[in-house]
>>> print(open('work10.cif').read())   # mmCIF, C-alpha atoms and all ligand atoms
data_final
#
loop_
_atom_site.label_atom_id
_atom_site.label_comp_id
_atom_site.auth_asym_id
_atom_site.auth_seq_id
_atom_site.Cartn_x
_atom_site.Cartn_y
_atom_site.Cartn_z
CA MET N 1 -13.83 -23.41 -5.22
CA LYS N 2 -12.65 -20.91 -2.62
CA HIS N 3 -13.04 -17.25 -3.43
CA LEU N 4 -11.38 -13.95 -2.59
CA HIS N 5 -12.80 -10.55 -3.54
CA ILE N 6 -9.97 -8.03 -3.86
CA ILE N 7 -10.87 -4.34 -3.66
CA LEU N 8 -8.34 -1.82 -4.98
CA TYR N 9 -8.64 1.81 -3.82
CA ALA N 10 -7.33 4.40 -6.27
CA ASP N 11 -4.78 7.07 -5.38
CA PRO N 12 -5.55 10.28 -7.29
CA ARG N 13 -2.07 11.53 -6.38
CA THR N 14 -0.39 8.67 -8.29
CA PRO N 15 -1.76 9.40 -11.77
CA LYS N 16 0.48 6.95 -13.65
CA LEU N 17 -0.93 3.97 -11.76
CA ARG N 18 -3.46 2.08 -13.92
CA LEU N 19 -5.47 0.03 -11.43
CA ASP N 20 -7.65 -1.63 -14.07
CA GLU N 21 -4.51 -3.37 -15.35
CA VAL N 22 -3.55 -4.40 -11.84
CA ALA N 23 -7.04 -5.84 -11.31
CA SER N 24 -6.85 -7.82 -14.57
CA TYR N 25 -3.44 -9.17 -13.59
CA LEU N 26 -4.74 -10.43 -10.23
CA GLU N 27 -7.67 -12.20 -11.88
CA SER N 28 -5.31 -13.78 -14.42
CA LYS N 29 -3.23 -15.28 -11.61
CA CYS N 30 -6.07 -17.12 -9.89
CA LEU N 31 -9.56 -18.01 -11.10
CA ALA N 32 -10.80 -17.70 -7.51
CA PHE N 33 -9.96 -13.98 -7.42
CA THR N 34 -12.54 -11.36 -8.31
CA THR N 35 -11.60 -7.69 -8.25
CA GLU N 36 -13.17 -4.28 -7.91
CA VAL N 37 -11.57 -0.85 -8.40
CA ARG N 38 -12.95 1.88 -6.15
CA GLU N 39 -12.32 5.57 -5.68
CA GLU N 40 -9.86 6.75 -3.02
CA PHE N 41 -10.30 4.95 0.32
CA PHE N 42 -11.28 7.90 2.56
CA GLN N 43 -13.57 9.27 -0.12
CA TYR N 44 -15.34 5.95 -0.53
CA TRP N 45 -15.93 5.12 3.13
CA LEU N 46 -16.63 8.66 4.31
CA GLY N 47 -19.18 8.83 1.47
CA GLN N 48 -21.13 6.05 3.21
CA LEU N 49 -21.68 8.26 6.29
CA ASP N 50 -24.40 10.81 6.87
CA SER N 51 -23.61 14.44 7.60
CA PRO N 52 -23.02 15.84 10.26
CA TYR N 53 -21.60 12.54 11.59
CA ARG N 54 -19.30 12.47 8.56
CA ASP N 55 -17.89 15.92 9.45
CA HIS N 56 -17.21 14.73 12.99
CA ILE N 57 -15.33 11.67 11.68
CA ILE N 58 -13.32 13.79 9.23
CA ASP N 59 -12.25 16.03 12.13
CA SER N 60 -11.25 13.02 14.19
CA ILE N 61 -9.26 11.46 11.31
CA ALA N 62 -7.52 14.78 10.57
CA HIS N 63 -6.37 15.06 14.20
CA ARG N 64 -5.12 11.49 14.28
CA LEU N 65 -3.31 11.76 10.94
CA ALA N 66 -1.58 14.95 12.10
CA ARG N 67 -0.48 13.17 15.28
CA SER N 68 0.83 10.15 13.36
CA LYS N 69 3.04 12.24 11.09
CA ILE N 70 6.76 11.60 11.56
CA ARG N 71 8.64 14.81 12.23
CA ASN N 72 12.15 13.27 12.29
CA SER N 73 13.35 9.92 11.03
CA ASN N 74 15.28 9.50 14.30
CA GLY N 75 12.02 9.63 16.26
CA ARG N 76 12.81 12.85 18.11
CA ASN N 77 10.14 15.48 18.68
CA PRO N 78 7.08 13.31 17.99
CA ILE N 79 3.91 15.27 17.33
CA SER N 80 1.74 14.76 20.40
CA ASP N 81 -0.27 17.93 20.03
CA PRO N 82 -0.38 19.05 16.39
CA LEU N 83 -0.82 22.66 15.35
CA ALA N 84 -4.24 23.74 14.12
CA SER N 85 -2.69 24.37 10.69
CA GLU N 86 -1.41 20.79 10.56
CA VAL N 87 -4.86 19.41 11.38
CA ASP N 88 -6.44 21.73 8.82
CA PHE N 89 -4.00 20.51 6.16
CA GLU N 90 -5.00 16.91 6.86
CA ARG N 91 -8.68 17.86 6.75
CA ARG N 92 -8.26 19.52 3.34
CA LYS N 93 -6.18 16.59 2.09
CA ILE N 94 -8.95 14.14 2.97
CA SER N 95 -11.64 16.22 1.27
CA ASP N 96 -9.81 17.62 -1.74
CA HIS N 97 -7.49 15.49 -3.84
CA TYR N 98 -6.16 18.53 -5.61
CA VAL N 99 -4.43 19.59 -2.39
CA THR N 100 -0.82 18.77 -3.07
CA ALA N 101 0.48 16.20 -0.65
CA PHE N 102 3.59 14.39 -1.70
CA GLY N 103 5.72 12.12 0.37
CA ASN N 104 4.60 13.00 3.87
CA SER N 105 5.71 10.33 6.27
CA TYR N 106 3.37 8.64 8.75
CA ASP N 107 3.76 6.02 11.44
CA ALA N 108 2.57 2.90 9.60
CA PRO N 109 0.65 1.12 12.42
CA LYS N 110 -1.19 4.32 13.34
CA PHE N 111 -2.08 5.04 9.69
CA LEU N 112 -3.33 1.48 9.26
CA GLY N 113 -5.42 1.77 12.43
CA ILE N 114 -7.09 4.96 11.22
CA CYS N 115 -8.00 3.35 7.89
CA GLY N 116 -9.12 0.10 9.49
CA GLU N 117 -11.74 1.79 11.66
CA LEU N 118 -13.47 3.17 8.57
CA LEU N 119 -13.99 -0.23 6.96
CA GLY N 120 -17.63 -1.31 6.90
CA GLU N 121 -18.54 -4.29 9.10
CA HIS N 122 -20.00 -6.17 6.14
CA GLU N 123 -16.63 -6.22 4.36
CA ARG N 124 -14.39 -7.25 7.24
CA SER N 125 -14.54 -11.00 6.70
CA GLY N 126 -11.72 -13.06 5.24
CA ALA N 127 -13.56 -13.15 1.91
CA PHE N 128 -12.51 -9.53 1.26
CA ALA N 129 -8.99 -8.17 0.73
CA HIS N 130 -8.82 -4.37 0.72
CA ILE N 131 -5.75 -2.76 -0.83
CA ILE N 132 -5.16 0.98 -0.44
CA PHE N 133 -2.67 2.80 -2.67
CA THR N 134 -1.11 6.02 -1.41
CA ASN N 135 1.72 8.35 -2.37
CA GLN N 136 2.40 9.03 1.31
CA ILE N 137 5.40 7.38 2.97
CA LEU N 138 4.64 4.86 5.70
CA SER N 139 7.39 4.00 8.15
CA TYR N 140 8.06 1.57 10.96
CA TRP N 141 10.21 2.28 13.98
CA HIS N 142 13.36 0.19 13.67
CA ALA N 143 14.60 -0.22 17.25
CA PRO N 144 18.17 -1.53 16.61
CA GLU N 145 19.05 1.46 14.40
CA ARG N 146 16.81 3.86 16.34
CA GLU N 147 15.25 5.27 13.20
CA TYR N 148 12.06 5.15 11.18
CA ARG N 149 12.34 3.10 8.00
CA ALA N 150 10.02 3.49 5.05
CA CYS N 151 8.11 0.42 3.95
CA THR N 152 6.54 -0.41 0.62
CA ILE N 153 3.68 -2.60 1.79
CA ILE N 154 1.71 -3.29 4.93
CA SER N 155 -0.28 -6.45 4.41
CA GLY N 156 -3.27 -8.09 6.03
CA GLY N 157 -7.05 -7.99 5.61
CA LEU N 158 -6.47 -4.32 4.96
CA SER N 159 -3.25 -3.68 3.07
CA ILE N 160 -1.56 -0.42 2.13
CA ILE N 161 0.94 -0.04 -0.69
CA SER N 162 3.03 3.14 -0.74
CA THR N 163 3.87 4.13 -4.30
CA THR N 164 6.42 6.63 -2.99
CA GLY N 165 7.82 3.98 -0.63
CA ILE N 166 8.61 1.79 -3.65
CA VAL N 167 10.63 4.64 -5.17
CA GLU N 168 12.24 5.74 -1.90
CA ARG N 169 13.22 2.25 -0.77
CA PRO N 170 15.07 1.23 1.36
CA THR N 171 15.00 3.87 4.11
CA LEU N 172 13.58 7.29 4.68
CA ALA N 173 17.02 8.53 5.61
CA SER N 174 18.74 7.02 2.61
CA ASN N 175 21.06 9.21 0.58
CA ALA N 176 20.30 7.16 -2.50
CA LYS N 177 17.50 9.34 -3.80
CA PRO N 178 15.74 8.55 -7.07
CA VAL N 179 16.54 10.61 -10.12
CA LEU N 180 14.02 12.64 -12.05
CA ASP N 181 14.23 10.90 -15.42
CA GLN N 182 13.37 7.29 -16.04
CA ASN N 183 16.46 5.19 -15.64
CA GLU N 184 17.09 1.53 -16.36
CA ASN N 185 18.28 0.83 -12.84
CA TRP N 186 16.24 3.30 -10.80
CA LEU N 187 12.58 3.92 -10.35
CA THR N 188 11.39 7.49 -10.47
CA TYR N 189 8.30 9.29 -9.21
CA ASN N 190 5.41 8.54 -11.56
CA ASP N 191 7.62 6.07 -13.41
CA LEU N 192 5.90 4.48 -16.44
CA ARG N 193 6.88 1.06 -15.05
CA LEU N 194 4.98 1.64 -11.81
CA THR N 195 1.81 -0.22 -12.89
CA GLU N 196 3.81 -3.33 -13.83
CA ILE N 197 5.66 -3.25 -10.49
CA ILE N 198 2.51 -2.63 -8.48
CA LYS N 199 0.97 -5.82 -9.93
CA GLY N 200 3.44 -7.87 -7.91
CA TYR N 201 2.88 -5.84 -4.74
CA ALA N 202 -0.90 -6.24 -5.07
CA LEU N 203 -0.40 -9.98 -5.46
CA GLN N 204 1.78 -9.95 -2.31
CA ALA N 205 -1.10 -8.30 -0.45
CA ALA N 206 -3.59 -10.91 -1.70
CA VAL N 207 -1.33 -13.86 -0.83
CA ALA N 208 -0.55 -12.34 2.58
CA HIS N 209 -4.26 -12.08 3.22
CA LEU N 210 -4.64 -15.80 2.51
CA THR N 211 -1.49 -17.11 4.19
CA GLY N 212 -0.17 -14.47 6.60
CA LYS N 213 3.11 -14.70 4.67
CA PRO N 214 3.49 -12.02 1.99
CA PHE N 215 7.05 -12.68 0.94
CA CYS N 216 9.04 -15.27 -0.95
CA ASP N 217 12.75 -16.12 -0.76
CA ASP N 218 13.06 -16.50 -4.54
CA PRO N 219 14.55 -13.28 -6.02
CA GLY N 220 12.78 -13.98 -9.33
CA CYS N 221 9.29 -14.36 -7.82
CA ARG N 222 6.82 -11.48 -7.83
CA LEU N 223 6.43 -12.03 -4.08
CA PHE N 224 10.13 -11.54 -3.28
CA ASN N 225 10.82 -9.11 -0.42
CA SER N 226 12.96 -6.67 -2.42
CA LYS N 227 15.19 -4.37 -0.41
CA THR N 228 16.82 -2.43 -3.23
CA GLN N 229 15.67 -0.90 -6.48
CA ASN N 230 17.63 -3.48 -8.48
CA GLU N 231 15.83 -6.26 -6.62
CA ILE N 232 12.44 -4.63 -7.25
CA LEU N 233 13.15 -4.26 -10.98
CA PHE N 234 14.40 -7.85 -11.27
CA SER N 235 11.59 -9.57 -9.35
CA GLN N 236 8.83 -7.49 -10.95
CA MET N 237 10.09 -6.97 -14.51
CA LYS N 238 13.30 -8.72 -15.52
CA SER N 239 12.89 -12.18 -14.03
CA PRO N 240 12.33 -14.89 -16.68
CA TYR N 241 9.30 -16.16 -14.75
CA ASP N 242 6.41 -14.53 -12.92
CA LEU N 243 5.92 -16.73 -9.87
CA CYS N 244 8.16 -19.38 -8.34
CA PRO N 245 6.80 -22.97 -8.60
CA ARG N 246 5.70 -22.91 -4.92
CA HIS N 247 3.54 -19.82 -5.29
CA ALA N 248 2.22 -20.80 -8.72
CA SER N 249 1.04 -24.10 -7.27
CA PHE N 250 -0.34 -22.37 -4.15
CA LEU N 251 -2.62 -20.17 -6.26
CA HIS N 252 -3.61 -23.12 -8.43
CA ALA N 253 -4.51 -25.12 -5.34
CA PHE N 254 -6.44 -22.19 -3.85
CA GLN N 255 -8.70 -21.96 -6.87
CA ARG N 256 -9.34 -25.70 -6.57
CA GLY N 257 -10.26 -25.16 -2.92
CA GLY N 258 -7.39 -26.99 -1.28
CA ALA N 259 -4.54 -24.55 -0.70
CA GLU N 260 -2.51 -24.66 2.49
CA ALA N 261 -0.46 -21.67 3.65
ZN ZN N 301 7.46 -17.29 -4.65
#
>>> encode(input="work10.cif", output="structure tokens")
Amino acid sequence: MKHLHIILYADPRTPKLRLDEVASYLESKCLAFTTEVREEFFQYWLGQLDSPYRDHIIDSIAHRLARSKIRNSNGRNPISDPLASEVDFERRKISDHYVTAFGNSYDAPKFLGICGELLGEHERSGAFAHIIFTNQILSYWHAPEREYRACTIISGGLSIISTTGIVERPTLASNAKPVLDQNENWLTYNDLRLTEIIKGYALQAAVAHLTGKPFCDDPGCRLFNSKTQNEILFSQMKSPYDLCPRHASFLHAFQRGGAEA
């Protein structure tokens, strides 16, 4: 039997997200999955380092995070040389989870690169899938429209799922902002349905790690690439089935040791 160890990193700034339930869901979908819930990603990996080297790395990460922050969704005025106060904010945010930080937007590839360098060598093999949860917004530069667009998931050996990105979907510049109270058709910040929805995104990250293809064309499959809130709610909660036949059989074959992407 093949095996994949999936590590979920908590986000203290998304208190409604119950990662133990997400972990149980992943294990229920494939007998070859084992899971582990860890503390917040920076906290965990920086905790492996000795001081004063750790302080040096925190300084370096704070500078790079400040530089990767998106000042305007149209890409103008990028931060090449951040203010000392901006770097200090990032430093405090890394070290203290009580520092309020909601919905800042970062360049997704740069953010992923910063996290990736912290990963320990012994957990970089294909046998490990690391999934970071964050309430920050991660955005890609969309050249045709000349604007940054928020994404919900970046997937690979190291994946990042933006809990705010799921609520803010589809674009950072969208006028369709979520409402404050829970609504049948809209997700809200710290929505009680977030854990159920995140289960599907975590499964996308795991499947992407195995196949390089995170998304499915079936709107009723948990792996569907939803572009609107209605699509998210249907694929993750209202669909009469959990996985399409193709992905159900893929996971079944993986646990028997014979899955092909
Ligand atoms: Zn599918």
>>> residues_near_ligand(input="work10.cif", ligand="ligand ZN 301 (chain N)", cutoff="10 Å", atoms="all atoms listed in the file", output="list in words")
Gln204, Pro214, Phe215, Cys216, Asp217, Asp218, Pro219, Gly220, Cys221, Arg222, Leu223, Phe224, Asn225, Ser235, Asp242, Leu243, Cys244, Pro245, Arg246, His247, Ala248, Ser249 and Phe250 of chain N
>>> residues_near_point(input="work10.cif", point="(-7.0, 1.5, 10.0)", cutoff="12 Å", atoms="only C-alpha atoms", output="PyMOL selection string")
chain N and resi 41-42+45+61+64-65+107-120+124+130-132+154-160
>>> closest_residue(input="work10.cif", among="N:Leu192, N:Val87, N:Ala143, N:Ile137", to="N:Gly165", atoms="only C-alpha atoms")
N:Ile137
>>> closest_residue(input="work10.cif", among="N:Leu210, N:Leu83, N:Cys151, N:Val167", to="N:Asn185", atoms="all atoms listed in the file")
N:Val167
>>> atom_distance(input="work10.cif", atom1="atom CA of N:Lys29", atom2="atom CA of N:Met237")
16.0 Å
>>> closest_residue(input="work10.cif", among="N:Ile198, N:Ala84, N:Val99, N:Ala32", to="N:Asp20", atoms="all atoms listed in the file")
N:Ile198
>>> closest_atom_pairs(input="work10.cif", of="stretch 21-138 of chain N", to="stretch 4-11 of chain N", cutoff="9 Å", atoms="all atoms listed in the file", output="tab-separated table")
residue	atom	partner	partner_atom	distance
N:Val22	CA	N:Leu8	CA	8.8
N:Ala23	CA	N:Leu8	CA	7.6
N:Leu26	CA	N:Ile6	CA	8.6
N:Ala32	CA	N:Leu4	CA	6.2
N:Phe33	CA	N:Leu4	CA	5.0
N:Thr34	CA	N:His5	CA	4.8
N:Thr35	CA	N:Ile6	CA	4.7
N:Glu36	CA	N:Ile7	CA	4.8
N:Val37	CA	N:Leu8	CA	4.8
N:Arg38	CA	N:Tyr9	CA	4.9
N:Glu39	CA	N:Ala10	CA	5.2
N:Glu40	CA	N:Ala10	CA	4.7
N:Phe41	CA	N:Tyr9	CA	5.5
N:Tyr44	CA	N:Tyr9	CA	8.5
N:His97	CA	N:Asp11	CA	9.0
N:Gly126	CA	N:Leu4	CA	7.9
N:Ala127	CA	N:Leu4	CA	5.1
N:Phe128	CA	N:His5	CA	4.9
N:Ala129	CA	N:Ile6	CA	4.7
N:His130	CA	N:Ile7	CA	4.8
N:Ile131	CA	N:Leu8	CA	5.0
N:Ile132	CA	N:Tyr9	CA	4.9
N:Phe133	CA	N:Asp11	CA	5.5
N:Thr134	CA	N:Asp11	CA	5.5
N:Asn135	CA	N:Asp11	CA	7.3
>>> residues_near_point(input="work10.cif", point="(13.2, 5.8, 15.0)", cutoff="6 Å", atoms="all atoms listed in the file", output="count of residues only")
8
>>> atom_distance(input="work10.cif", atom1="atom CA of N:Ser162", atom2="atom CA of N:Leu203")
14.4 Å
>>> closest_residue(input="work10.cif", among="N:Ala202, N:Ile57, N:Ile153, N:Leu19", to="N:Lys227", atoms="all atoms listed in the file")
N:Ile153
>>> residues_around(input="work10.cif", residues="N:Gln136", least_positions_apart="5", cutoff="9 Å", atoms="all atoms listed in the file", output="list of chain:residue names")
N:Ala101, N:Phe102, N:Gly103, N:Asn104, N:Ser105, N:Tyr106, N:Ser162, N:Thr163, N:Thr164, N:Gly165
>>> atom_distance(input="work10.cif", atom1="atom CA of N:Glu168", atom2="atom CA of N:Ala206")
23.0 Å
>>> residues_around(input="work10.cif", residues="N:Asp81", least_positions_apart="5", cutoff="9 Å", atoms="all atoms listed in the file", output="PDB file with C-alpha atoms, in the coordinates of the input")
ATOM      1  CA  HIS N  63      -6.370  15.060  14.200  1.00  0.00           C
ATOM      2  CA  ALA N  66      -1.580  14.950  12.100  1.00  0.00           C
ATOM      3  CA  ARG N  67      -0.480  13.170  15.280  1.00  0.00           C
TER       4      ARG N  67
END
>>> closest_residue(input="work10.cif", among="N:Ala62, N:Leu194, N:Leu187, N:Leu138", to="N:Gln229", atoms="all atoms listed in the file")
N:Leu187
>>> closest_residue(input="work10.cif", among="N:Ala205, N:Ile232, N:Pro240, N:Ser95", to="N:Arg54", atoms="all atoms listed in the file")
N:Ser95
>>> axis_aligned_box(input="work10.cif", around="stretch 200-204 of chain N", padding_each_side="3 Å", output="AutoDock Vina command-line options")
--center_x 1.3 --center_y -7.9 --center_z -5.1 --size_x 10.3 --size_y 10.1 --size_z 11.6
>>> build_atoms(input="work10.cif", residues="stretch 52-85 of chain N", atoms="N, CA and C atoms", output="mmCIF file, in the coordinates of the input")
data_model
loop_
_atom_site.group_PDB
_atom_site.id
_atom_site.type_symbol
_atom_site.label_atom_id
_atom_site.label_comp_id
_atom_site.auth_asym_id
_atom_site.auth_seq_id
_atom_site.Cartn_x
_atom_site.Cartn_y
_atom_site.Cartn_z
ATOM 1 N N PRO N 52 -24.310 15.289 9.879
ATOM 2 C CA PRO N 52 -23.020 15.840 10.260
ATOM 3 C C PRO N 52 -22.064 14.832 10.894
ATOM 4 N N TYR N 53 -22.508 13.542 11.011
ATOM 5 C CA TYR N 53 -21.600 12.540 11.590
ATOM 6 C C TYR N 53 -20.321 12.448 10.771
ATOM 7 N N ARG N 54 -20.473 12.543 9.430
ATOM 8 C CA ARG N 54 -19.300 12.470 8.560
ATOM 9 C C ARG N 54 -18.290 13.577 8.896
ATOM 10 N N ASP N 55 -18.797 14.801 9.135
ATOM 11 C CA ASP N 55 -17.890 15.920 9.450
ATOM 12 C C ASP N 55 -17.136 15.657 10.751
ATOM 13 N N HIS N 56 -17.849 15.064 11.709
ATOM 14 C CA HIS N 56 -17.210 14.730 12.990
ATOM 15 C C HIS N 56 -16.082 13.707 12.774
ATOM 16 N N ILE N 57 -16.350 12.697 11.943
ATOM 17 C CA ILE N 57 -15.330 11.670 11.680
ATOM 18 C C ILE N 57 -14.144 12.268 10.921
ATOM 19 N N ILE N 58 -14.422 13.161 9.970
ATOM 20 C CA ILE N 58 -13.320 13.790 9.230
ATOM 21 C C ILE N 58 -12.422 14.572 10.194
ATOM 22 N N ASP N 59 -13.031 15.287 11.128
ATOM 23 C CA ASP N 59 -12.250 16.030 12.130
ATOM 24 C C ASP N 59 -11.368 15.088 12.947
ATOM 25 N N SER N 60 -11.978 13.985 13.363
ATOM 26 C CA SER N 60 -11.250 13.020 14.190
ATOM 27 C C SER N 60 -10.074 12.421 13.400
ATOM 28 N N ILE N 61 -10.320 12.047 12.141
ATOM 29 C CA ILE N 61 -9.260 11.460 11.310
ATOM 30 C C ILE N 61 -8.142 12.485 11.081
ATOM 31 N N ALA N 62 -8.527 13.738 10.821
ATOM 32 C CA ALA N 62 -7.520 14.780 10.570
ATOM 33 C C ALA N 62 -6.602 14.952 11.781
ATOM 34 N N HIS N 63 -7.185 14.952 12.990
ATOM 35 C CA HIS N 63 -6.370 15.060 14.200
ATOM 36 C C HIS N 63 -5.405 13.877 14.324
ATOM 37 N N ARG N 64 -5.938 12.693 14.091
ATOM 38 C CA ARG N 64 -5.120 11.490 14.280
ATOM 39 C C ARG N 64 -4.022 11.386 13.218
ATOM 40 N N LEU N 65 -4.343 11.781 11.985
ATOM 41 C CA LEU N 65 -3.310 11.760 10.940
ATOM 42 C C LEU N 65 -2.203 12.754 11.264
ATOM 43 N N ALA N 66 -2.587 13.936 11.747
ATOM 44 C CA ALA N 66 -1.580 14.950 12.100
ATOM 45 C C ALA N 66 -0.683 14.433 13.217
ATOM 46 N N ARG N 67 -1.275 13.702 14.163
ATOM 47 C CA ARG N 67 -0.480 13.170 15.280
ATOM 48 C C ARG N 67 0.419 12.024 14.839
ATOM 49 N N SER N 68 0.031 11.310 13.776
ATOM 50 C CA SER N 68 0.830 10.150 13.360
ATOM 51 C C SER N 68 1.933 10.520 12.375
ATOM 52 N N LYS N 69 2.002 11.788 12.017
ATOM 53 C CA LYS N 69 3.040 12.240 11.090
ATOM 54 C C LYS N 69 4.418 12.169 11.755
ATOM 55 N N ILE N 70 5.410 11.734 11.009
ATOM 56 C CA ILE N 70 6.760 11.600 11.560
ATOM 57 C C ILE N 70 7.526 12.887 11.285
ATOM 58 N N ARG N 71 7.940 13.518 12.375
ATOM 59 C CA ARG N 71 8.640 14.810 12.230
ATOM 60 C C ARG N 71 10.122 14.585 11.894
ATOM 61 N N ASN N 72 10.737 13.579 12.539
ATOM 62 C CA ASN N 72 12.150 13.270 12.290
ATOM 63 C C ASN N 72 12.319 11.767 12.156
ATOM 64 N N SER N 73 13.168 11.358 11.222
ATOM 65 C CA SER N 73 13.350 9.920 11.030
ATOM 66 C C SER N 73 14.021 9.277 12.246
ATOM 67 N N ASN N 74 14.660 10.084 13.097
ATOM 68 C CA ASN N 74 15.280 9.500 14.300
ATOM 69 C C ASN N 74 14.308 9.421 15.476
ATOM 70 N N GLY N 75 13.049 9.778 15.237
ATOM 71 C CA GLY N 75 12.020 9.630 16.260
ATOM 72 C C GLY N 75 11.953 10.743 17.270
ATOM 73 N N ARG N 76 12.834 11.755 17.144
ATOM 74 C CA ARG N 76 12.810 12.850 18.110
ATOM 75 C C ARG N 76 11.647 13.791 17.811
ATOM 76 N N ASN N 77 11.211 14.494 18.804
ATOM 77 C CA ASN N 77 10.140 15.480 18.680
ATOM 78 C C ASN N 77 8.878 14.931 18.031
ATOM 79 N N PRO N 78 8.334 13.818 18.563
ATOM 80 C CA PRO N 78 7.080 13.310 17.990
ATOM 81 C C PRO N 78 5.961 14.338 18.171
ATOM 82 N N ILE N 79 5.007 14.306 17.253
ATOM 83 C CA ILE N 79 3.910 15.270 17.330
ATOM 84 C C ILE N 79 2.833 14.711 18.259
ATOM 85 N N SER N 80 2.778 15.214 19.493
ATOM 86 C CA SER N 80 1.740 14.760 20.400
ATOM 87 C C SER N 80 0.536 15.690 20.336
ATOM 88 N N ASP N 81 0.806 16.952 20.070
ATOM 89 C CA ASP N 81 -0.270 17.930 20.030
ATOM 90 C C ASP N 81 -0.080 18.791 18.779
ATOM 91 N N PRO N 82 -0.651 18.356 17.657
ATOM 92 C CA PRO N 82 -0.380 19.050 16.390
ATOM 93 C C PRO N 82 -0.941 20.465 16.367
ATOM 94 N N LEU N 83 -0.328 21.302 15.548
ATOM 95 C CA LEU N 83 -0.820 22.660 15.350
ATOM 96 C C LEU N 83 -2.158 22.624 14.610
ATOM 97 N N ALA N 84 -2.945 23.665 14.816
ATOM 98 C CA ALA N 84 -4.240 23.740 14.120
ATOM 99 C C ALA N 84 -4.039 23.715 12.605
ATOM 100 N N SER N 85 -2.947 24.338 12.137
ATOM 101 C CA SER N 85 -2.690 24.370 10.690
ATOM 102 C C SER N 85 -2.379 22.970 10.150
#
